[in-house]
Number of protein chains: 4
Amino acid sequence: MCGIVAVSGNSEAAQLCFLGLYSLQHRGQEAAGIASFDRATGQSHRVRKPGLVSDAIQAKDIAELPGDVAVAHIRYSTAGGAGLKNAQPIRESYRGGPIALVHNGNLTNANLLRDQLFNQGALFQSTIDSEAIVHLIARSRGATPDEQITEALSQLEGAYCVLITVGDTLYAARDPYGYRPLVIGALPGGGLMLASETCALDIAGARYVRDVEPGEFIRIRGGEIETVSRLPQMVAESQPCIFELVYFARPDTQLWGYTVDRARRAFGRRLAQEQGAPGDIVISVPDSANSAAVGYSEQSGIPFELGLIRNHYVGRTFITPTQAGRDFKVRMKFSPVREVLSGKRVVVVDDSLVRGTTSRALVNMLREAGATQVHLRLASPPVRWPCFYGIDMPTREELIASDKTVEEIRAFLGVDSLGYLSPDGMLECVADEGETYCTACFTGDYRAPLVDAQQGFAMSSHC
Amino acid sequence: MCGIVAVSGNSEAAQLCFLGLYSLQHRGQEAAGIASFDRATGQSHRVRKPGLVSDAIQAKDIAELPGDVAVAHIRYSTAGGAGLKNAQPIRESYRGGPIALVHNGNLTNANLLRDQLFNQGALFQSTIDSEAIVHLIARSRGATPDEQITEALSQLEGAYCVLITVGDTLYAARDPYGYRPLVIGALPGGGLMLASETCALDIAGARYVRDVEPGEFIRIRGGEIETVSRLPQMVAESQPCIFELVYFARPDTQLWGYTVDRARRAFGRRLAQEQGAPGDIVISVPDSANSAAVGYSEQSGIPFELGLIRNHYVGRTFITPTQAGRDFKVRMKFSPVREVLSGKRVVVVDDSLVRGTTSRALVNMLREAGATQVHLRLASPPVRWPCFYGIDMPTREELIASDKTVEEIRAFLGVDSLGYLSPDGMLECVADEGETYCTACFTGDYRAPLVDAQQGFAMSSHC
Amino acid sequence: MCGIVAVSGNSEAAQLCFLGLYSLQHRGQEAAGIASFDRATGQSHRVRKPGLVSDAIQAKDIAELPGDVAVAHIRYSTAGGAGLKNAQPIRESYRGGPIALVHNGNLTNANLLRDQLFNQGALFQSTIDSEAIVHLIARSRGATPDEQITEALSQLEGAYCVLITVGDTLYAARDPYGYRPLVIGALPGGGLMLASETCALDIAGARYVRDVEPGEFIRIRGGEIETVSRLPQMVAESQPCIFELVYFARPDTQLWGYTVDRARRAFGRRLAQEQGAPGDIVISVPDSANSAAVGYSEQSGIPFELGLIRNHYVGRTFITPTQAGRDFKVRMKFSPVREVLSGKRVVVVDDSLVRGTTSRALVNMLREAGATQVHLRLASPPVRWPCFYGIDMPTREELIASDKTVEEIRAFLGVDSLGYLSPDGMLECVADEGETYCTACFTGDYRAPLVDAQQGFAMSSHC
Amino acid sequence: MCGIVAVSGNSEAAQLCFLGLYSLQHRGQEAAGIASFDRATGQSHRVRKPGLVSDAIQAKDIAELPGDVAVAHIRYSTAGGAGLKNAQPIRESYRGGPIALVHNGNLTNANLLRDQLFNQGALFQSTIDSEAIVHLIARSRGATPDEQITEALSQLEGAYCVLITVGDTLYAARDPYGYRPLVIGALPGGGLMLASETCALDIAGARYVRDVEPGEFIRIRGGEIETVSRLPQMVAESQPCIFELVYFARPDTQLWGYTVDRARRAFGRRLAQEQGAPGDIVISVPDSANSAAVGYSEQSGIPFELGLIRNHYVGRTFITPTQAGRDFKVRMKFSPVREVLSGKRVVVVDDSLVRGTTSRALVNMLREAGATQVHLRLASPPVRWPCFYGIDMPTREELIASDKTVEEIRAFLGVDSLGYLSPDGMLECVADEGETYCTACFTGDYRAPLVDAQQGFAMSSHC
């Protein structure tokens, strides 16, 4: 998943990137990094640290990131191994000068590219897809960064949004499928900000200008946005990821023409129509399912209650007491409100079901808190296929719906009834204007070819 | 405000205290500390650190806190100056052996006691009330800790819950007014846990046993709870703090016979009866006003919407861009959902109004996001008086309702209408069994005498 | 052992204390601390950290120590347990205001005083002698700090130099025996500096003014040095510690009328007269025995060689390989120069012999490096008694000379011959003007009564 | 300058590297790093930290460096900019697997190689020479690491010792001139250790086996040392750096057939013959000139005295008081012993004179301490030329002897007389067997061509 931000043409570039990362914290809590370029000295600077943005990046770090152009990254996954070597931005020097790059998404030919580059004598620092992109740029015979990056992009397959600085020029590109979002805003103090979600523009007070379009490669310098080139469309229609609407993006973000909260509300209402439940109350698994649960309550007329409290202070490591008992992890995250639940038939609305282990513990907790019945309703279809386009998901074996029927899942979770939103129902909620979406995780319909698998390589699944 | 926890008779005492603190994180984010006593070596151990519990206390710290009895504290306020010298537990040696103490509340004769102790040759490390209590214990001529602590408690005035270890014996006491909560639970792995709120028992899997009663002083050793003494009642009825129900405690906590969520829900419903509003939607200022807003929606029939997203990753320090513009701080904390708010007459429910500055910024943000009207409804009466019993509040001058009419406040906030819950309405919601409450912050009716002020000292207001 | 520094009347007080501590680093590597008082705010400030001064105290720490008066301490020993609670300065508030104290030495009635104070209701943070002194000051019924400190000092027995600030007044005192050194210097930028050794004055560019005399209690304010009181002399003659000359002080320090290097040179020459050796070369155990070895070579005519290299980068912790073999620790500290030693009869001069374990390993290393004979000569008499006046020494049982003859020690060390300087020889070198010394560690002649032991308490041996 | 270590075939590889670095601490105090390869997992690991070895590398770091082969580096210089990006080991992946490399020396075609590599699409992380070597290895078309490294080495010009791991195979190479030392030892617990100096073997208890010869490229696996290839000799005779004997190596190290202490002693004796002085005492500038000063005293008959004490606790940063006065830095490092110096004509022996600024301050300090005359004698010839072979020296402009006569230097330093060892005298001391040396810093006779300068690039001068 991960999130990316860039600022060009503002003397507070690093600071504004920090703000942007902060508003994208939900896209990754593993590590944060910012790289800036300072025209005054011709030097690039980089800070990468583990942890939450506001812990990782301090005032003294910002002070070490001078310059009016910067790129930034927030990392979701620990995949790729411990340590910071896989944290972004990537920052190197090549013949074009200092280059920094951040990447959100997942290449489907990453391992093939890496293999080819290895054979050409390339050195790799990390195991992330993004490093291959920088090598392709450096190895291009193009005369200018415009040509070099265009050539590099043409060799990529899969999902990517990239933000790149070469010296003081900022470049941005989005894959031709348009899997992941990337928006441009105008900063109040001058200059432009690019980010994964509009909520990053909002926090910085930036005005939304437009999306970077699928397949578009743009250059930003001196406040001007110029489209350098357009990558050929691979499929007739763009394929924005519907899972961003289902779960990943922030509710106040505008995405694919919808406010995320509105989309989720519609999922919840539709779910109530499709999958009614004999409940006394509707509760949400906070916070990601709040919008859907309110929609479900609205449509069904069953009152919405706050039956679970989410603990928002969950840190990175815990010391589990030996006597902690089962369901300890879920208890650290959620607390049931006994008086709300006790003696009630409870309809629990969640956004999606992946492995099922957390939900099972949650259901158990609700019953212990006095719920007489638990009816689980999911505001998305069964997740049956892993994502190779940038959502960090478990392997197929770990996806509970990959090989189990709804009844088998119901029995595993220990709920009285279980209902999923239908794929068609989901799409109808968010296709007012005929929008299309990538729904591969629900359907297995992978539009961008899984090149690595076809060539006998493992599929990469870093964000 | 702050929060306290203790464990006796469990070999994972420090770890269970950590869990308890973690669930009390809402009571203080400034610092956390744990002190344990290890019978094997006769040594006491202490860790105090700034920041959130799960950042501050690490596995290696727990490893340095052996023993089966421990006390722990979470600190709310930076009052008393920078640094950790004012963080708790206090840990000293006196003739009775190693003593550790944590304190939640606020003495009204703290500065008088300090003055008397200074004149008797006492040394002070900190500026917090709690240190005086330890001096009184050490200076008592009582032959046993039972007698020494009883004598010390008899000299205290105001609000306190204290947890004290002398060697491996745990003591607990609550002031005769019963201002702050203190509950006892039985741990599944053996031993007892005491904590400010029941949610700490829940996370540790402990079963609620009973409250420490107002004025009760108990001793815990070998799994036995014994009432050592009872302090004389000062007033006919106990005075639990109603503001714990209004704002401070966690929704899933059981307090004064009510689940906090239920009490707030009732406040919200009553508020709708008393202070209707011509709105299209009801929104909450998350998360503290969620229960009241749902109640308001329920009663009024105006649909409940998620119009504000709360950013849960707010760190301790921020680097404010010079171009951040006004309302920056509120923007770091809350994000408006434009599509929900746009074109709507919005009823905003909040739990209480203290200074008014955050609300003013919030109102401004809602209007910028498209709200056509903003009607603010508060699920408690005007806060007119500072608290000297342990709620950290600004001075009288800073309390907006101390010298302004409702209309003046409305104009200051820039809302279309403003409505408060009435004092009687509030009390009727939570006095089913004739419970009484301290409502001093609304009424100025201070039952525990403000001794320091009467003697010409400043009032202490550490938690 | 430890070292102390104070500055009064200079706006760079903390910084100059830092320099002073830095030059006293040989007196302790365990921890360093500085406390300052800032008249502008009436606040005292303190920093205490483990490790070497230049690691422990950073520029940002100095920035947090404003004010023109400061006291500082460097800690030798880990005795008293892990952690910083036993590090100095002690900093408290008492009725006279903020008080800070540093102490070099060892009280012989520390545990008796502690017991008495406990019985009077005192609280203790640490297990060091120095805390009792602060309690005695606070509990004095004297009207002024002058009186309070005088009264406190009159209750102390044993060895101490103390530097105390009460508000912006600096006090200094030295025990009537004069066991430890304490000198006064005038700073070039104005104000006065006090320190354990003259080398601290030198580094700060301060001019030596005079010693604080045995039994003298002085007050420094506004650049004036005033003798507040004189403690009664307990014995006819002062008892400066001869071990400071033998081993502890820095060679360039002026002490008891001698430059340390000169005294050690004289010890070495006398040793050569008393204990000749059939050697080809003389080597030193660097750096403490360098002066004595040069003296030995001079007198004996045997050439001085650099046969051992000292590693000056020894850190605080080491990871010993399992295959490190015996004598690993001594190999980390010293390296033999094979070509110098090979085939030679080596006279090794060391300053003193305490446990003998390091010397035994060193002798073994010299033989492995090719020395055909090893003759150990010690520039002081056999150390037979522990010091209770501030030199950190092992217990009597651990002192190799406490129960072994010279021949037995020789056999234990595995040397070809062993010779000690005689007590009379040592004294004659440094008694030109009839100076007297404490030689208790060699003779067991303890002049300051061992009150704690007489009263049935353990003897304290913190520095 | 820097220092390098490697271990192969010992399960405590990282720990033994730590010991080796520790004994090479004099070769660099800026940063330390170790990289290991763990056959069990096929993973490489790396730790790099600023500061002294025993501060930088902790037990937990060693625990993160599993495997039985490791390379390590200690960094001298801050050249190349702040931060750790220029610290070693370099650790990358290439088609041959994980590769780690440490390098001691200085390539004279580093910038040419970098330029060529840039043009071939290489990415650079750092600005150090060593990174180019790894690129050359990865880009070689050779089929095996043996061939790849041989090809890479054939492209290097200048001074280098490199230690490289590719997977679990250790490689070592030394430039054909033999500028820097590199020795092989057999570890007592099995396996081999390679290091810049024999003192690293000694601390680990390893037995010296042999030198890596000039131009030799060896492979170590399974305890076998095999010579893979020999680089063509560029000049008739090898060119070991005489400055290692003069100043840089540790006195107990065996180098070019001499123990360093013996060589310096000989320089001192010869200096006394060539440059007598009318002194009362001879003192050393400790510790590097100790051997030479003893030699001077021996030959001249003027007694050797300890007139300067070196402070061995100098940390990395200091807070200079504004009133510190001139010569502050030298005062932090050295303390004069007044009683030794006072009234004396002092012959000061130092190893070499580079900029002259420290010596000038030192001379001033000696005079203030009472020296009536100061005669400076240098145990090496005037340093007139910068080193491009790995000794970190200032630019030509900064070398005081580059454009000044001895009389001018004497006047600048303010000494009564000044004498240098003659070039021939120096060489005669250490050419018993006809050894040849690089004396470029004294003579400007640069044998390895300065390719970068010839091609119009700046000369690199990282170690």
# chains A, B, ... in the order shown; residues from 1 in each chain; ligands from 1

call {"tool": "interface_residues", "arguments": {"of": "chain A", "to": "chain D", "cutoff": "7 Å", "atoms": "only C-alpha atoms", "output": "list in words"}}
result
Glu92, Ser93, Tyr94, Arg95, Phe118, Asn119, Gln120, Gly121, Ala122, Leu123, Phe124, Gln125, Ala138 and Arg139 of chain A

call {"tool": "write_last_selection", "arguments": {"atoms": "all heavy atoms", "output": "compact mmCIF listing (two decimals), in the first residue's frame"}}
result
# COMPACT_ATOMS: atom_id res chain seq x y z
N GLU A 92 20.21 8.27 -4.99
CA GLU A 92 21.48 7.89 -5.60
C GLU A 92 22.02 9.07 -6.41
O GLU A 92 21.35 10.09 -6.57
CB GLU A 92 21.27 6.71 -6.58
CG GLU A 92 20.47 5.56 -6.03
CD GLU A 92 21.30 4.33 -5.72
OE1 GLU A 92 22.54 4.39 -5.82
OE2 GLU A 92 20.70 3.30 -5.36
N SER A 93 23.23 8.87 -6.93
CA SER A 93 23.73 9.77 -7.96
C SER A 93 23.87 8.99 -9.25
O SER A 93 24.28 7.82 -9.22
CB SER A 93 25.09 10.34 -7.57
OG SER A 93 24.95 11.24 -6.50
N TYR A 94 23.53 9.58 -10.36
CA TYR A 94 23.83 8.97 -11.67
C TYR A 94 24.38 10.08 -12.54
O TYR A 94 24.62 11.20 -12.07
CB TYR A 94 22.60 8.26 -12.23
CG TYR A 94 21.61 9.10 -12.98
CD1 TYR A 94 21.35 8.88 -14.34
CD2 TYR A 94 20.91 10.12 -12.34
CE1 TYR A 94 20.43 9.63 -15.03
CE2 TYR A 94 19.99 10.89 -13.03
CZ TYR A 94 19.75 10.65 -14.38
OH TYR A 94 18.84 11.42 -15.05
N ARG A 95 24.63 9.79 -13.80
CA ARG A 95 25.32 10.81 -14.60
C ARG A 95 24.50 12.08 -14.73
O ARG A 95 25.02 13.16 -15.01
CB ARG A 95 25.70 10.25 -15.97
CG ARG A 95 24.53 10.05 -16.92
CD ARG A 95 25.06 9.47 -18.23
NE ARG A 95 24.08 9.51 -19.30
CZ ARG A 95 23.06 8.65 -19.41
NH1 ARG A 95 22.89 7.70 -18.50
NH2 ARG A 95 22.22 8.75 -20.43
N PHE A 118 20.79 -7.45 -13.07
CA PHE A 118 21.91 -8.18 -12.48
C PHE A 118 22.86 -8.64 -13.58
O PHE A 118 24.08 -8.51 -13.48
CB PHE A 118 21.40 -9.40 -11.70
CG PHE A 118 21.21 -9.16 -10.24
CD1 PHE A 118 20.15 -9.77 -9.55
CD2 PHE A 118 22.08 -8.36 -9.50
CE1 PHE A 118 19.97 -9.57 -8.19
CE2 PHE A 118 21.90 -8.15 -8.14
CZ PHE A 118 20.85 -8.76 -7.48
N ASN A 119 22.29 -9.19 -14.64
CA ASN A 119 23.13 -9.71 -15.71
C ASN A 119 23.88 -8.62 -16.45
O ASN A 119 24.87 -8.87 -17.11
CB ASN A 119 22.29 -10.53 -16.69
CG ASN A 119 21.98 -11.89 -16.09
OD1 ASN A 119 22.83 -12.47 -15.41
ND2 ASN A 119 20.77 -12.38 -16.30
N GLN A 120 23.38 -7.39 -16.30
CA GLN A 120 24.09 -6.26 -16.91
C GLN A 120 25.06 -5.59 -15.94
O GLN A 120 25.58 -4.52 -16.21
CB GLN A 120 23.08 -5.23 -17.42
CG GLN A 120 22.23 -5.73 -18.58
CD GLN A 120 20.96 -4.91 -18.72
OE1 GLN A 120 20.88 -3.78 -18.24
NE2 GLN A 120 19.97 -5.47 -19.40
N GLY A 121 25.24 -6.20 -14.78
CA GLY A 121 26.24 -5.67 -13.86
C GLY A 121 25.71 -4.66 -12.86
O GLY A 121 26.49 -3.90 -12.29
N ALA A 122 24.40 -4.67 -12.63
CA ALA A 122 23.86 -3.72 -11.67
C ALA A 122 24.06 -4.20 -10.24
O ALA A 122 24.06 -5.40 -9.98
CB ALA A 122 22.38 -3.49 -11.94
N LEU A 123 24.22 -3.23 -9.36
CA LEU A 123 24.30 -3.48 -7.92
C LEU A 123 22.96 -3.11 -7.29
O LEU A 123 22.39 -2.07 -7.63
CB LEU A 123 25.39 -2.62 -7.30
CG LEU A 123 26.82 -2.87 -7.77
CD1 LEU A 123 27.74 -1.78 -7.22
CD2 LEU A 123 27.29 -4.23 -7.32
N PHE A 124 22.49 -3.93 -6.35
CA PHE A 124 21.25 -3.61 -5.65
C PHE A 124 21.50 -3.49 -4.15
O PHE A 124 22.20 -4.30 -3.57
CB PHE A 124 20.20 -4.70 -5.92
CG PHE A 124 19.50 -4.55 -7.24
CD1 PHE A 124 20.06 -5.07 -8.40
CD2 PHE A 124 18.30 -3.87 -7.33
CE1 PHE A 124 19.42 -4.93 -9.63
CE2 PHE A 124 17.66 -3.72 -8.55
CZ PHE A 124 18.22 -4.24 -9.70
N GLN A 125 20.90 -2.46 -3.59
CA GLN A 125 20.97 -2.22 -2.15
C GLN A 125 19.83 -2.89 -1.41
O GLN A 125 19.94 -3.20 -0.24
CB GLN A 125 20.81 -0.70 -1.88
CG GLN A 125 21.80 0.16 -2.57
CD GLN A 125 23.08 0.20 -1.80
OE1 GLN A 125 23.06 0.33 -0.59
NE2 GLN A 125 24.19 0.07 -2.49
N ALA A 138 19.09 5.25 -15.06
CA ALA A 138 20.53 5.51 -15.19
C ALA A 138 21.13 4.84 -16.42
O ALA A 138 22.08 5.33 -17.02
CB ALA A 138 21.25 5.04 -13.92
N ARG A 139 20.56 3.69 -16.77
CA ARG A 139 21.11 2.93 -17.89
C ARG A 139 20.53 3.34 -19.25
O ARG A 139 21.02 2.90 -20.29
CB ARG A 139 20.86 1.44 -17.66
CG ARG A 139 21.92 0.87 -16.74
CD ARG A 139 21.42 -0.30 -15.94
NE ARG A 139 22.42 -0.59 -14.93
CZ ARG A 139 23.44 -1.43 -15.11
NH1 ARG A 139 23.55 -2.08 -16.25
NH2 ARG A 139 24.33 -1.60 -14.16

call {"tool": "residues_around", "arguments": {"residues": "A:Gly105", "least_positions_apart": "6", "cutoff": "8 Å", "atoms": "only C-alpha atoms", "output": "JSON list (two decimals) with N, CA, C and O atoms, in the first residue's frame"}}
result
[["chain", "number", "residue", "atom", "x", "y", "z"],
["A", 1, "MET", "N", 0.85, -1.17, 0.00],
["A", 1, "MET", "CA", 0.00, 0.00, 0.00],
["A", 1, "MET", "C", 0.91, 1.24, 0.00],
["A", 1, "MET", "O", 1.23, 1.75, -1.02],
["A", 2, "CYS", "N", 1.38, 1.68, 1.14],
["A", 2, "CYS", "CA", 2.32, 2.81, 1.19],
["A", 2, "CYS", "C", 1.65, 4.07, 0.66],
["A", 2, "CYS", "O", 0.56, 4.04, 0.11],
["A", 159, "ALA", "N", 1.59, -2.03, -11.44],
["A", 159, "ALA", "CA", 1.01, -0.85, -10.81],
["A", 159, "ALA", "C", 2.09, 0.04, -10.22],
["A", 159, "ALA", "O", 2.96, -0.44, -9.49],
["A", 160, "TYR", "N", 2.05, 1.30, -10.57],
["A", 160, "TYR", "CA", 3.00, 2.21, -9.95],
["A", 160, "TYR", "C", 2.52, 3.65, -10.06],
["A", 160, "TYR", "O", 1.92, 4.07, -11.04],
["A", 161, "CYS", "N", 2.78, 4.38, -9.00],
["A", 161, "CYS", "CA", 2.84, 5.83, -9.05],
["A", 161, "CYS", "C", 4.24, 6.16, -8.58],
["A", 161, "CYS", "O", 4.66, 5.66, -7.53],
["A", 179, "TYR", "N", -3.89, 2.06, -11.54],
["A", 179, "TYR", "CA", -4.26, 1.28, -10.35],
["A", 179, "TYR", "C", -4.33, 2.11, -9.08],
["A", 179, "TYR", "O", -5.24, 1.98, -8.28],
["A", 180, "ARG", "N", -3.30, 2.93, -8.86],
["A", 180, "ARG", "CA", -3.20, 3.70, -7.60],
["A", 180, "ARG", "C", -3.44, 5.17, -7.88],
["A", 180, "ARG", "O", -3.12, 5.66, -8.97],
["A", 389, "TYR", "N", -0.90, -5.77, -7.26],
["A", 389, "TYR", "CA", -0.85, -4.38, -7.74],
["A", 389, "TYR", "C", -0.70, -3.39, -6.60],
["A", 389, "TYR", "O", -1.06, -2.24, -6.73],
["A", 390, "GLY", "N", -0.24, -3.88, -5.47],
["A", 390, "GLY", "CA", 0.13, -2.91, -4.46],
["A", 390, "GLY", "C", -0.63, -2.95, -3.16],
["A", 390, "GLY", "O", -0.33, -2.16, -2.25],
["A", 391, "ILE", "N", -1.63, -3.81, -3.00],
["A", 391, "ILE", "CA", -2.25, -3.99, -1.70],
["A", 391, "ILE", "C", -1.58, -5.18, -1.05],
["A", 391, "ILE", "O", -1.52, -6.26, -1.62],
["A", 462, "HIS", "N", 5.87, -6.27, -2.57],
["A", 462, "HIS", "CA", 6.08, -5.09, -1.74],
["A", 462, "HIS", "C", 5.17, -4.01, -2.25],
["A", 462, "HIS", "O", 4.74, -4.02, -3.39],
["A", 463, "CYS", "N", 4.89, -3.06, -1.36],
["A", 463, "CYS", "CA", 3.96, -2.02, -1.80],
["A", 463, "CYS", "C", 4.68, -1.02, -2.69],
["A", 463, "CYS", "O", 5.88, -0.92, -2.67]]

call {"tool": "atom_distance", "arguments": {"atom1": "atom CA of B:Asn106", "atom2": "atom CA of B:Tyr177"}}
result
12.3 Å

call {"tool": "residues_around", "arguments": {"residues": "D:Ala63", "least_positions_apart": "2", "cutoff": "12 Å", "atoms": "only C-alpha atoms", "output": "PyMOL selection string"}}
result
(chain C and resi 319) or (chain D and resi 11-15+34+36+38+45-47+57-61+65-67)

call {"tool": "residues_around", "arguments": {"residues": "B:Ala31", "least_positions_apart": "6", "cutoff": "8 Å", "atoms": "only C-alpha atoms", "output": "PyMOL selection string"}}
result
chain B and resi 48-53+56+74-76+84+87

call {"tool": "write_last_selection", "arguments": {"atoms": "N, CA and C atoms", "output": "mmCIF file, in the first residue's frame"}}
result
data_model
loop_
_atom_site.group_PDB
_atom_site.id
_atom_site.type_symbol
_atom_site.label_atom_id
_atom_site.label_comp_id
_atom_site.auth_asym_id
_atom_site.auth_seq_id
_atom_site.Cartn_x
_atom_site.Cartn_y
_atom_site.Cartn_z
ATOM 1 N N ARG B 48 10.609 5.520 34.521
ATOM 2 C CA ARG B 48 9.734 6.642 34.149
ATOM 3 C C ARG B 48 10.201 7.170 32.819
ATOM 4 N N LYS B 49 9.273 7.400 31.896
ATOM 5 C CA LYS B 49 9.674 7.890 30.576
ATOM 6 C C LYS B 49 8.621 8.838 30.036
ATOM 7 N N PRO B 50 9.039 9.769 29.192
ATOM 8 C CA PRO B 50 8.047 10.633 28.549
ATOM 9 C C PRO B 50 7.362 9.913 27.399
ATOM 10 N N GLY B 51 6.150 10.322 27.076
ATOM 11 C CA GLY B 51 5.486 9.818 25.871
ATOM 12 C C GLY B 51 4.397 8.806 26.128
ATOM 13 N N LEU B 52 3.857 8.265 25.053
ATOM 14 C CA LEU B 52 2.801 7.263 25.123
ATOM 15 C C LEU B 52 3.333 5.986 25.764
ATOM 16 N N VAL B 53 2.460 5.285 26.444
ATOM 17 C CA VAL B 53 2.868 4.085 27.166
ATOM 18 C C VAL B 53 3.636 3.110 26.276
ATOM 19 N N ALA B 56 6.956 4.522 25.553
ATOM 20 C CA ALA B 56 7.791 4.793 26.722
ATOM 21 C C ALA B 56 8.305 3.518 27.371
ATOM 22 N N ILE B 74 0.152 7.169 34.842
ATOM 23 C CA ILE B 74 0.196 7.795 33.537
ATOM 24 C C ILE B 74 -0.102 9.264 33.745
ATOM 25 N N ARG B 75 0.756 10.101 33.160
ATOM 26 C CA ARG B 75 0.731 11.518 33.508
ATOM 27 C C ARG B 75 0.096 12.333 32.399
ATOM 28 N N TYR B 76 -0.793 13.221 32.791
ATOM 29 C CA TYR B 76 -1.532 14.014 31.832
ATOM 30 C C TYR B 76 -0.809 15.290 31.436
ATOM 31 N N LEU B 84 11.371 15.043 33.808
ATOM 32 C CA LEU B 84 10.679 13.896 34.380
ATOM 33 C C LEU B 84 10.579 13.985 35.882
ATOM 34 N N ALA B 87 7.231 13.342 37.107
ATOM 35 C CA ALA B 87 6.559 12.103 36.723
ATOM 36 C C ALA B 87 6.515 11.153 37.911
#

call {"tool": "residues_around", "arguments": {"residues": "stretch 430-436 of chain C", "least_positions_apart": "6", "cutoff": "7 Å", "atoms": "only C-alpha atoms", "output": "PDB file with all heavy atoms, in the first residue's frame"}}
result
ATOM      1  N   GLU C 237      47.908  16.961  63.338  1.00  0.00           N
ATOM      2  CA  GLU C 237      48.419  17.265  62.011  1.00  0.00           C
ATOM      3  C   GLU C 237      47.418  16.857  60.947  1.00  0.00           C
ATOM      4  O   GLU C 237      46.677  15.891  61.120  1.00  0.00           O
ATOM      5  CB  GLU C 237      49.728  16.504  61.780  1.00  0.00           C
ATOM      6  CG  GLU C 237      50.855  17.048  62.656  1.00  0.00           C
ATOM      7  CD  GLU C 237      51.929  16.019  62.823  1.00  0.00           C
ATOM      8  OE1 GLU C 237      51.626  14.812  62.784  1.00  0.00           O
ATOM      9  OE2 GLU C 237      53.089  16.433  62.997  1.00  0.00           O
ATOM     10  N   SER C 238      47.451  17.562  59.844  1.00  0.00           N
ATOM     11  CA  SER C 238      46.532  17.206  58.775  1.00  0.00           C
ATOM     12  C   SER C 238      46.974  15.895  58.131  1.00  0.00           C
ATOM     13  O   SER C 238      48.119  15.464  58.293  1.00  0.00           O
ATOM     14  CB  SER C 238      46.432  18.335  57.758  1.00  0.00           C
ATOM     15  OG  SER C 238      47.658  18.480  57.103  1.00  0.00           O
ATOM     16  N   GLN C 239      46.069  15.264  57.451  1.00  0.00           N
ATOM     17  CA  GLN C 239      46.266  13.886  56.997  1.00  0.00           C
ATOM     18  C   GLN C 239      45.988  13.745  55.504  1.00  0.00           C
ATOM     19  O   GLN C 239      45.180  12.925  55.103  1.00  0.00           O
ATOM     20  CB  GLN C 239      45.291  12.965  57.758  1.00  0.00           C
ATOM     21  CG  GLN C 239      45.504  12.934  59.249  1.00  0.00           C
ATOM     22  CD  GLN C 239      46.715  12.097  59.602  1.00  0.00           C
ATOM     23  OE1 GLN C 239      46.901  11.017  59.053  1.00  0.00           O
ATOM     24  NE2 GLN C 239      47.561  12.618  60.468  1.00  0.00           N
ATOM     25  N   ALA C 263      56.918  13.869  42.625  1.00  0.00           N
ATOM     26  CA  ALA C 263      56.833  12.941  43.752  1.00  0.00           C
ATOM     27  C   ALA C 263      57.043  11.510  43.261  1.00  0.00           C
ATOM     28  O   ALA C 263      57.804  10.733  43.848  1.00  0.00           O
ATOM     29  CB  ALA C 263      55.472  13.085  44.429  1.00  0.00           C
TER      30      ALA C 263
END
